[in-house]
Amino acid sequence: MQSAIPTPPWEQGTGGAPRFNFAHHLFERNSRRPDKAAFIDDHGRLSYAQLEQRSRRMAAALRAIGLRREERVLMVVQDCNHWPVAFLGAMYAGIVPVPVNTLLTADDYAYMLEHSRAQALIVSGAVLPALGAALTRADHEVRQVIVSHPQAPLHGSEAEFDAFVDAQAPMARPAATGPDDPGFWLYSSGSTGRPKGAVHSHANPYWTIELFGRAILGMRESDVCFSAAKLFFAYGLGNALTFPLGVGASVVLMAERPTPQAVFRRLKGEVGAVRPTIFFGAPTGYSGMLAHPELPSREQVALRLASSAGEALPADIGERFKAHFGADIVDGIGSTEMLHVFLSNRPDNIRYGTTGWPVPGYDIELRGDDGGPVPDGEPGDLYIHGPSSALMYWGNRAKSRDTFQGGWTKSGDKYVRNADGTYTYSGRSDDMLKVSGIYVSPFEVEATLVQHPAVLEAAVIGVPDDEGLTKTKAFVVCKDGSSVGADELKAFVKERLAPYKYPRIIEFVDELPKTATGKIQRFKLRLREAGAE
């Protein structure tokens with residue numbers, strides 16, 4: 001696969017050491033389109049020239065308050081034009097931005113402040129109360145709190161974002177970082193325990209642009225990108241910052257939650273007077289869109305392509321989306337640790353129901369419990385070898401050694417390799433069920449359940465019976481105005497899957513627990529069944 005990797009643009013520094021600053025690289029790439037809109041949010045437009053100038057001012061401002069290379073700045077910022085300025089400004093200065101979820105609790109933020117030892121905090125006004133509580137609880141102090149779009153008068157160490165940036169002249173030249181120097185962190189959304197801080201280098205986003213954004217998605221300068229996944233996630237960061245800036249495209253940013261109505265407004269061009277040509281979402285979001293009574297017509301949007309990741313895309317959703325909009329959903333899998341997608345369908349070769357083929361530049365292995373390879377058709381643990389892997393988990397040697405094994409990264413996913421070279425998702429390693437000695441994929445059962453016309457969503461877990469043996473249980477959400485009996489659903493699954501795979505127990509619920517990106521949190525259902533919630 002190495003032939004798929006382009007020659008990187010590293011420069012030679014003092015003593016022959018390679019030099020590369022990712023923010024500077026993007027600014028250089030886009031210097032010929034200064035007046036083009038790079039970002040469009042609810043407040044206005046930010047041109048490529050303005051993005052560079054304001055990012056370099058942010059770099060100078062962070063240095064002016066005493067931040068040094070490789071020190072961290074915690075970003076708790078809703079998607080808006082301030083976000084790329086803060087992120088790229090920090091990287092330009094050699095400072096490490098740590099963007100995190102804007103929907104967490106004060107305890108979560110207190111942990112991240114202590115764990116990252118962030119020297120500054122950039123926060124949206126809407127999230128400031130939670131961060132204020134976190135700063136009180138954390139055994140850590142920051143030099144400066146910079147507030148984006150404040151909603152109340154500022155005080156103490158708080159500074160308004162634009163005033164903070166405008167107070168400095170642009171930093172003259174980028175920090176002399178190397179491709180392997182820490183560029184930014186991303187916290188994993190781990191299903192249990194504290195999140196892990198994955199340390200990514202300046203080079204890693206370059207590789208994802210070249211190997212996936214350009215080579216697979218075929219993104220181009222004329223595209224307008226819109227991502228329902230937020231920028232603080234690895235998936236959203238590629239969708240709405242690194243990929244579009246890597247090709248000179250424009251981006252629509254949305255601070256609010258990605259409800260179907262909010263997404264439809266952007267797709268129809270009602271915000272920013274542009275209609276996106278590429279939409280990035282997740283399966284749960286696509287399902288909600290297709291079931292919504294206000295779903296736009298094909299003529300109301302300008303989509304040429306859609307992308308999905310986060311969890312496997314059921315074939316039925318992809319097929320219905322294509323039939324309605326005339327655009328395929330390119331399903332793939334990535335991870336916080338690998339930064340973006342490494343296994344994917346192709347825009348010109350879609351195999352719905354599978355996650356496609358390895359992205360050229362990445363090698364894939366499926367390993368059994370003994371660490372050896374598994375044959376086609378058998379589920380195995382997914383390992384990835386590629387240039388965008390994180391350097392480590394900060395301050396967590398045990399987890400780092402378990403996940404980053406030599407040149408290979410353990411994903412924690414179970415997959416099956418098919419005879420045509422595609423891969424089919426079989427669930428998370430800790431979600432796989434062994435029923436009567438045979439592996440059962442929760443996702444496969446869920447994907448079958450949602451094919452029933454009355455079912456909106458489903459989640460499947462294993463529960464012990466009276467003899468301690470594992471049985472499958474399905475939690476089912478019906479569409480508004482629809483209903484179906486448990487026996488009918490069981491028969492529906494039996495007709496489509498091997499008989500042993502049907503759910504023995506079905507419980508109807510109003511909603512399923514989910515992460516901020518829309519992933520179903522099966523572990524919460526397991527905890528509930530165990531009486532831990």
# chains A, B, ... in the order shown; residues from 1 in each chain; ligands from 1

call {"tool": "residues_around", "arguments": {"residues": "Ala315 in chain A", "least_positions_apart": "5", "cutoff": "12 Å", "atoms": "only C-alpha atoms", "output": "list in words"}}
result
Pro283, Tyr286, Ser287, Ser308, Arg320, Phe321, Lys322, Asp328, Ile329, Val330, Asp331, Ile350, Arg351, Tyr352, Gly353, Thr354, Thr355, Thr424, Tyr425, Phe443, Glu444, Glu446, Ala447, Thr448, Val450 and Gln451 of chain A

call {"tool": "select_by_dssp", "arguments": {"residues": "range 176-371 of chain A", "states": "alpha helix (DSSP H)", "output": "tab-separated table (two decimals) with all heavy atoms, in the first residue's frame"}}
result
chain	number	residue	atom	x	y	z
A	204	ASN	N	-0.50	14.39	10.72
A	204	ASN	CA	-1.65	13.48	10.60
A	204	ASN	C	-2.80	14.03	9.76
A	204	ASN	O	-3.33	13.32	8.91
A	204	ASN	CB	-2.13	13.07	11.99
A	204	ASN	CG	-1.21	12.05	12.63
A	204	ASN	OD1	-0.20	11.67	12.06
A	204	ASN	ND2	-1.54	11.60	13.83
A	205	PRO	N	-3.24	15.28	9.97
A	205	PRO	CA	-4.35	15.76	9.12
A	205	PRO	C	-3.96	15.91	7.65
A	205	PRO	O	-4.81	15.78	6.77
A	205	PRO	CB	-4.72	17.12	9.75
A	205	PRO	CG	-3.52	17.53	10.53
A	205	PRO	CD	-2.90	16.26	11.02
A	206	TYR	N	-2.68	16.16	7.38
A	206	TYR	CA	-2.23	16.20	5.99
A	206	TYR	C	-2.51	14.86	5.30
A	206	TYR	O	-3.03	14.81	4.19
A	206	TYR	CB	-0.74	16.54	5.91
A	206	TYR	CG	-0.15	16.22	4.55
A	206	TYR	CD1	-0.29	17.12	3.49
A	206	TYR	CD2	0.52	15.02	4.32
A	206	TYR	CE1	0.22	16.82	2.24
A	206	TYR	CE2	1.04	14.71	3.06
A	206	TYR	CZ	0.88	15.61	2.03
A	206	TYR	OH	1.38	15.31	0.77
A	207	TRP	N	-2.19	13.76	6.01
A	207	TRP	CA	-2.39	12.44	5.41
A	207	TRP	C	-3.86	12.16	5.16
A	207	TRP	O	-4.23	11.56	4.14
A	207	TRP	CB	-1.78	11.36	6.30
A	207	TRP	CG	-0.29	11.40	6.37
A	207	TRP	CD1	0.48	11.56	7.49
A	207	TRP	CD2	0.63	11.29	5.27
A	207	TRP	NE1	1.81	11.55	7.15
A	207	TRP	CE2	1.94	11.39	5.80
A	207	TRP	CE3	0.47	11.13	3.90
A	207	TRP	CZ2	3.07	11.31	5.01
A	207	TRP	CZ3	1.60	11.06	3.10
A	207	TRP	CH2	2.88	11.15	3.65
A	208	THR	N	-4.74	12.55	6.08
A	208	THR	CA	-6.16	12.28	5.88
A	208	THR	C	-6.73	13.09	4.72
A	208	THR	O	-7.59	12.60	3.99
A	208	THR	CB	-6.97	12.56	7.16
A	208	THR	OG1	-6.90	13.95	7.50
A	208	THR	CG2	-6.47	11.72	8.32
A	234	ALA	N	-13.29	13.86	15.62
A	234	ALA	CA	-12.35	13.58	14.54
A	234	ALA	C	-13.05	13.60	13.18
A	234	ALA	O	-12.54	14.16	12.21
A	234	ALA	CB	-11.67	12.23	14.77
A	235	TYR	N	-14.21	12.99	13.10
A	235	TYR	CA	-14.98	12.94	11.85
A	235	TYR	C	-15.34	14.36	11.40
A	235	TYR	O	-15.10	14.73	10.25
A	235	TYR	CB	-16.23	12.10	12.09
A	235	TYR	CG	-17.15	11.92	10.91
A	235	TYR	CD1	-16.68	11.53	9.65
A	235	TYR	CD2	-18.53	12.09	11.05
A	235	TYR	CE1	-17.54	11.34	8.59
A	235	TYR	CE2	-19.40	11.90	9.99
A	235	TYR	CZ	-18.90	11.53	8.76
A	235	TYR	OH	-19.77	11.35	7.71
A	236	GLY	N	-15.88	15.15	12.31
A	236	GLY	CA	-16.27	16.52	11.95
A	236	GLY	C	-15.09	17.41	11.62
A	236	GLY	O	-15.18	18.29	10.76
A	237	LEU	N	-13.95	17.21	12.29
A	237	LEU	CA	-12.77	18.02	12.03
A	237	LEU	C	-12.30	17.84	10.59
A	237	LEU	O	-11.94	18.81	9.91
A	237	LEU	CB	-11.65	17.63	13.00
A	237	LEU	CG	-10.34	18.40	12.86
A	237	LEU	CD1	-10.52	19.88	13.17
A	237	LEU	CD2	-9.27	17.81	13.79
A	243	PHE	N	-10.36	18.77	5.35
A	243	PHE	CA	-10.61	18.39	3.96
A	243	PHE	C	-10.97	19.58	3.08
A	243	PHE	O	-10.35	19.79	2.04
A	243	PHE	CB	-11.74	17.35	3.88
A	243	PHE	CG	-11.41	16.02	4.48
A	243	PHE	CD1	-12.39	15.05	4.61
A	243	PHE	CD2	-10.14	15.72	4.94
A	243	PHE	CE1	-12.11	13.81	5.17
A	243	PHE	CE2	-9.84	14.49	5.50
A	243	PHE	CZ	-10.84	13.53	5.61
A	244	PRO	N	-11.98	20.39	3.46
A	244	PRO	CA	-12.32	21.52	2.59
A	244	PRO	C	-11.19	22.52	2.44
A	244	PRO	O	-10.95	23.04	1.34
A	244	PRO	CB	-13.56	22.13	3.24
A	244	PRO	CG	-13.64	21.54	4.60
A	244	PRO	CD	-12.96	20.23	4.56
A	245	LEU	N	-10.45	22.81	3.54
A	245	LEU	CA	-9.34	23.75	3.42
A	245	LEU	C	-8.20	23.14	2.62
A	245	LEU	O	-7.42	23.87	1.99
A	245	LEU	CB	-8.86	24.18	4.80
A	245	LEU	CG	-9.50	25.49	5.33
A	245	LEU	CD1	-11.01	25.39	5.39
A	245	LEU	CD2	-8.92	25.86	6.70
A	246	GLY	N	-8.11	21.82	2.62
A	246	GLY	CA	-7.07	21.16	1.83
A	246	GLY	C	-7.28	21.28	0.33
A	246	GLY	O	-6.33	21.16	-0.44
A	247	VAL	N	-8.53	21.56	-0.10
A	247	VAL	CA	-8.82	21.68	-1.54
A	247	VAL	C	-9.34	23.06	-1.91
A	247	VAL	O	-9.63	23.32	-3.08
A	247	VAL	CB	-9.84	20.61	-1.99
A	247	VAL	CG1	-9.29	19.22	-1.72
A	247	VAL	CG2	-11.19	20.79	-1.33
A	260	PRO	N	-33.20	17.40	12.36
A	260	PRO	CA	-33.55	17.38	10.93
A	260	PRO	C	-33.93	18.75	10.39
A	260	PRO	O	-33.49	19.13	9.29
A	260	PRO	CB	-34.73	16.40	10.88
A	260	PRO	CG	-34.49	15.46	12.01
A	260	PRO	CD	-33.90	16.31	13.09
A	261	GLN	N	-34.72	19.52	11.15
A	261	GLN	CA	-35.13	20.84	10.66
A	261	GLN	C	-33.92	21.76	10.48
A	261	GLN	O	-33.84	22.48	9.47
A	261	GLN	CB	-36.12	21.50	11.63
A	261	GLN	CG	-37.43	20.73	11.78
A	261	GLN	CD	-37.43	19.84	13.02
A	261	GLN	OE1	-36.42	19.18	13.32
A	261	GLN	NE2	-38.54	19.82	13.74
A	262	ALA	N	-32.97	21.74	11.44
A	262	ALA	CA	-31.79	22.59	11.33
A	262	ALA	C	-30.93	22.19	10.14
A	262	ALA	O	-30.40	23.04	9.42
A	262	ALA	CB	-30.98	22.53	12.63
A	263	VAL	N	-30.78	20.89	9.93
A	263	VAL	CA	-30.01	20.40	8.78
A	263	VAL	C	-30.69	20.79	7.47
A	263	VAL	O	-30.04	21.25	6.53
A	263	VAL	CB	-29.83	18.87	8.87
A	263	VAL	CG1	-29.27	18.30	7.57
A	263	VAL	CG2	-28.91	18.50	10.04
A	264	PHE	N	-32.01	20.65	7.41
A	264	PHE	CA	-32.74	20.97	6.18
A	264	PHE	C	-32.57	22.44	5.81
A	264	PHE	O	-32.44	22.79	4.63
A	264	PHE	CB	-34.23	20.66	6.34
A	264	PHE	CG	-34.53	19.20	6.54
A	264	PHE	CD1	-35.74	18.80	7.11
A	264	PHE	CD2	-33.63	18.21	6.16
A	264	PHE	CE1	-36.04	17.46	7.29
A	264	PHE	CE2	-33.90	16.86	6.35
A	264	PHE	CZ	-35.11	16.49	6.93
A	265	ARG	N	-32.58	23.32	6.80
A	265	ARG	CA	-32.41	24.76	6.51
A	265	ARG	C	-31.09	25.02	5.81
A	265	ARG	O	-31.03	25.81	4.86
A	265	ARG	CB	-32.48	25.58	7.80
A	265	ARG	CG	-33.86	25.70	8.43
A	265	ARG	CD	-33.82	26.63	9.63
A	265	ARG	NE	-33.43	27.97	9.21
A	265	ARG	CZ	-32.71	28.81	9.96
A	265	ARG	NH1	-32.24	28.43	11.15
A	265	ARG	NH2	-32.41	30.00	9.52
A	266	ARG	N	-30.03	24.37	6.28
A	266	ARG	CA	-28.72	24.58	5.63
A	266	ARG	C	-28.67	23.93	4.25
A	266	ARG	O	-28.14	24.51	3.31
A	266	ARG	CB	-27.61	24.02	6.51
A	266	ARG	CG	-27.08	24.99	7.56
A	266	ARG	CD	-28.00	25.10	8.74
A	266	ARG	NE	-27.56	26.09	9.72
A	266	ARG	CZ	-28.27	26.37	10.81
A	266	ARG	NH1	-29.42	25.76	11.05
A	266	ARG	NH2	-27.84	27.29	11.66
A	267	LEU	N	-29.21	22.72	4.14
A	267	LEU	CA	-29.17	22.05	2.85
A	267	LEU	C	-29.92	22.83	1.78
A	267	LEU	O	-29.55	22.82	0.60
A	267	LEU	CB	-29.76	20.64	2.97
A	267	LEU	CG	-28.95	19.62	3.79
A	267	LEU	CD1	-29.67	18.28	3.81
A	267	LEU	CD2	-27.54	19.45	3.24
A	283	PRO	N	-25.49	7.51	10.56
A	283	PRO	CA	-26.68	6.73	10.25
A	283	PRO	C	-27.93	7.14	11.01
A	283	PRO	O	-29.02	7.23	10.44
A	283	PRO	CB	-26.26	5.30	10.59
A	283	PRO	CG	-24.79	5.29	10.32
A	283	PRO	CD	-24.31	6.64	10.78
A	284	THR	N	-27.80	7.40	12.31
A	284	THR	CA	-28.97	7.79	13.09
A	284	THR	C	-29.56	9.09	12.56
A	284	THR	O	-30.79	9.25	12.48
A	284	THR	CB	-28.60	7.94	14.58
A	284	THR	OG1	-28.06	6.70	15.05
A	284	THR	CG2	-29.82	8.31	15.41
A	285	GLY	N	-28.70	10.03	12.19
A	285	GLY	CA	-29.18	11.29	11.64
A	285	GLY	C	-29.87	11.12	10.30
A	285	GLY	O	-30.91	11.73	10.03
A	286	TYR	N	-29.29	10.27	9.44
A	286	TYR	CA	-29.92	10.01	8.15
A	286	TYR	C	-31.29	9.36	8.33
A	286	TYR	O	-32.25	9.69	7.62
A	286	TYR	CB	-29.03	9.10	7.30
A	286	TYR	CG	-27.84	9.80	6.69
A	286	TYR	CD1	-26.55	9.47	7.05
A	286	TYR	CD2	-28.01	10.80	5.74
A	286	TYR	CE1	-25.44	10.10	6.49
A	286	TYR	CE2	-26.92	11.44	5.17
A	286	TYR	CZ	-25.64	11.09	5.55
A	286	TYR	OH	-24.55	11.73	5.00
A	287	SER	N	-31.41	8.46	9.29
A	287	SER	CA	-32.69	7.82	9.55
A	287	SER	C	-33.74	8.84	9.98
A	287	SER	O	-34.87	8.82	9.49
A	287	SER	CB	-32.51	6.75	10.64
A	287	SER	OG	-33.75	6.18	11.00
A	288	GLY	N	-33.34	9.76	10.88
A	288	GLY	CA	-34.26	10.80	11.32
A	288	GLY	C	-34.67	11.74	10.21
A	288	GLY	O	-35.83	12.16	10.12
A	289	MET	N	-33.72	12.05	9.33
A	289	MET	CA	-34.03	12.93	8.19
A	289	MET	C	-35.06	12.28	7.28
A	289	MET	O	-36.05	12.90	6.88
A	289	MET	CB	-32.75	13.24	7.42
A	289	MET	CG	-31.78	14.16	8.12
A	289	MET	SD	-30.14	14.21	7.31
A	289	MET	CE	-30.58	14.81	5.67
A	290	LEU	N	-34.83	11.01	6.92
A	290	LEU	CA	-35.70	10.33	5.97
A	290	LEU	C	-37.10	10.11	6.53
A	290	LEU	O	-38.07	10.01	5.77
A	290	LEU	CB	-35.08	9.00	5.56
A	290	LEU	CG	-33.82	9.09	4.70
A	290	LEU	CD1	-33.14	7.73	4.58
A	290	LEU	CD2	-34.15	9.63	3.31
A	291	ALA	N	-37.22	10.04	7.86
A	291	ALA	CA	-38.53	9.83	8.48
A	291	ALA	C	-39.26	11.13	8.75
A	291	ALA	O	-40.43	11.10	9.16
A	291	ALA	CB	-38.35	9.06	9.79
A	315	ALA	N	-28.05	-0.81	4.92
A	315	ALA	CA	-28.25	-0.69	3.47
A	315	ALA	C	-29.55	0.02	3.13
A	315	ALA	O	-29.60	0.82	2.18
A	315	ALA	CB	-28.22	-2.08	2.84
A	316	ASP	N	-30.59	-0.24	3.90
A	316	ASP	CA	-31.89	0.34	3.61
A	316	ASP	C	-31.85	1.87	3.64
A	316	ASP	O	-32.46	2.55	2.81
A	316	ASP	CB	-32.92	-0.18	4.62
A	316	ASP	CG	-34.29	0.42	4.43
A	316	ASP	OD1	-34.89	0.20	3.36
A	316	ASP	OD2	-34.76	1.12	5.34
A	317	ILE	N	-31.10	2.43	4.60
A	317	ILE	CA	-31.02	3.89	4.70
A	317	ILE	C	-30.28	4.46	3.49
A	317	ILE	O	-30.71	5.46	2.90
A	317	ILE	CB	-30.32	4.29	6.02
A	317	ILE	CG1	-31.22	3.94	7.21
A	317	ILE	CG2	-29.98	5.78	6.03
A	317	ILE	CD1	-30.58	4.22	8.56
A	318	GLY	N	-29.17	3.85	3.12
A	318	GLY	CA	-28.43	4.34	1.95
A	318	GLY	C	-29.25	4.27	0.68
A	318	GLY	O	-29.25	5.20	-0.13
A	319	GLU	N	-29.97	3.17	0.51
A	319	GLU	CA	-30.77	3.01	-0.70
A	319	GLU	C	-31.92	4.01	-0.76
A	319	GLU	O	-32.22	4.57	-1.83
A	319	GLU	CB	-31.28	1.57	-0.77
A	319	GLU	CG	-30.16	0.57	-1.06
A	319	GLU	CD	-30.55	-0.86	-0.70
A	319	GLU	OE1	-31.68	-1.05	-0.18
A	319	GLU	OE2	-29.73	-1.77	-0.96
A	320	ARG	N	-32.58	4.26	0.37
A	320	ARG	CA	-33.68	5.21	0.38
A	320	ARG	C	-33.19	6.64	0.17
A	320	ARG	O	-33.84	7.44	-0.49
A	320	ARG	CB	-34.47	5.10	1.69
A	320	ARG	CG	-35.33	3.84	1.77
A	320	ARG	CD	-36.29	3.89	2.94
A	320	ARG	NE	-35.62	3.74	4.22
A	320	ARG	CZ	-35.78	4.56	5.24
A	320	ARG	NH1	-36.55	5.62	5.14
A	320	ARG	NH2	-35.15	4.33	6.38
A	321	PHE	N	-32.04	6.97	0.74
A	321	PHE	CA	-31.47	8.30	0.55
A	321	PHE	C	-31.13	8.52	-0.92
A	321	PHE	O	-31.43	9.57	-1.50
A	321	PHE	CB	-30.21	8.46	1.41
A	321	PHE	CG	-29.65	9.85	1.45
A	321	PHE	CD1	-30.03	10.74	2.43
A	321	PHE	CD2	-28.71	10.27	0.50
A	321	PHE	CE1	-29.49	12.03	2.47
A	321	PHE	CE2	-28.19	11.54	0.52
A	321	PHE	CZ	-28.58	12.42	1.51
A	322	LYS	N	-30.50	7.52	-1.54
A	322	LYS	CA	-30.15	7.63	-2.96
A	322	LYS	C	-31.41	7.77	-3.83
A	322	LYS	O	-31.46	8.58	-4.77
A	322	LYS	CB	-29.36	6.39	-3.38
A	322	LYS	CG	-29.06	6.30	-4.88
A	322	LYS	CD	-28.12	7.42	-5.35
A	322	LYS	CE	-27.81	7.32	-6.84
A	322	LYS	NZ	-26.93	6.18	-7.15
A	323	ALA	N	-32.45	7.01	-3.51
A	323	ALA	CA	-33.68	7.09	-4.29
A	323	ALA	C	-34.33	8.46	-4.17
A	323	ALA	O	-34.92	8.96	-5.13
A	323	ALA	CB	-34.64	6.00	-3.82
A	324	HIS	N	-34.22	9.08	-3.00
A	324	HIS	CA	-34.87	10.37	-2.78
A	324	HIS	C	-34.06	11.53	-3.35
A	324	HIS	O	-34.59	12.39	-4.05
A	324	HIS	CB	-35.12	10.59	-1.29
A	324	HIS	CG	-35.89	11.85	-1.00
A	324	HIS	ND1	-37.26	11.91	-1.03
A	324	HIS	CD2	-35.48	13.12	-0.69
A	324	HIS	CE1	-37.67	13.14	-0.76
A	324	HIS	NE2	-36.60	13.89	-0.53
A	325	PHE	N	-32.76	11.56	-3.04
A	325	PHE	CA	-31.93	12.72	-3.40
A	325	PHE	C	-31.09	12.51	-4.66
A	325	PHE	O	-30.52	13.46	-5.18
A	325	PHE	CB	-31.01	13.09	-2.24
A	325	PHE	CG	-31.70	13.75	-1.08
A	325	PHE	CD1	-31.79	13.10	0.14
A	325	PHE	CD2	-32.26	15.01	-1.22
A	325	PHE	CE1	-32.44	13.70	1.22
A	325	PHE	CE2	-32.90	15.62	-0.15
A	325	PHE	CZ	-32.99	14.96	1.08

call {"tool": "atom_distance", "arguments": {"atom1": "CA of Ala134 in chain A", "atom2": "CA of Met392 in chain A"}}
result
25.8 Å

call {"tool": "residues_around", "arguments": {"residues": "range 210-212 of chain A", "least_positions_apart": "5", "cutoff": "9 Å", "atoms": "only C-alpha atoms", "output": "PyMOL selection string"}}
result
chain A and resi 4-6+205+217-218+243+246+340-342+344+359-362

call {"tool": "select_by_dssp", "arguments": {"residues": "range 68-146 of chain A", "states": "strand (DSSP E or B)", "output": "list of chain:residue names"}}
result
A:Arg72, A:Val73, A:Leu74, A:Met75, A:Val76, A:Val96, A:Pro97, A:Val98, A:Pro99, A:Ala120, A:Leu121, A:Ile122, A:Val123, A:Ser124, A:Gln144, A:Val145, A:Ile146

call {"tool": "residues_around", "arguments": {"residues": "Ser116 in chain A", "least_positions_apart": "2", "cutoff": "12 Å", "atoms": "only C-alpha atoms", "output": "PyMOL selection string"}}
result
chain A and resi 70-75+96-100+109-114+118-121+138-142+184-187+195-199+393-395

call {"tool": "closest_residue", "arguments": {"among": "A:Glu221, A:Asp181, A:Asp381, A:Glu160", "to": "Ile95 in chain A", "atoms": "only C-alpha atoms"}}
result
A:Asp181

call {"tool": "closest_residue", "arguments": {"among": "A:Pro150, A:Gly485, A:Gly531, A:Pro170", "to": "Tyr92 in chain A", "atoms": "only C-alpha atoms"}}
result
A:Pro170

call {"tool": "closest_residue", "arguments": {"among": "A:Val476, A:Leu433, A:Ala172, A:Ala130", "to": "Ala454 in chain A", "atoms": "only C-alpha atoms"}}
result
A:Val476

call {"tool": "atom_distance", "arguments": {"atom1": "CA of Phe523 in chain A", "atom2": "CA of Gly334 in chain A"}}
result
20.4 Å
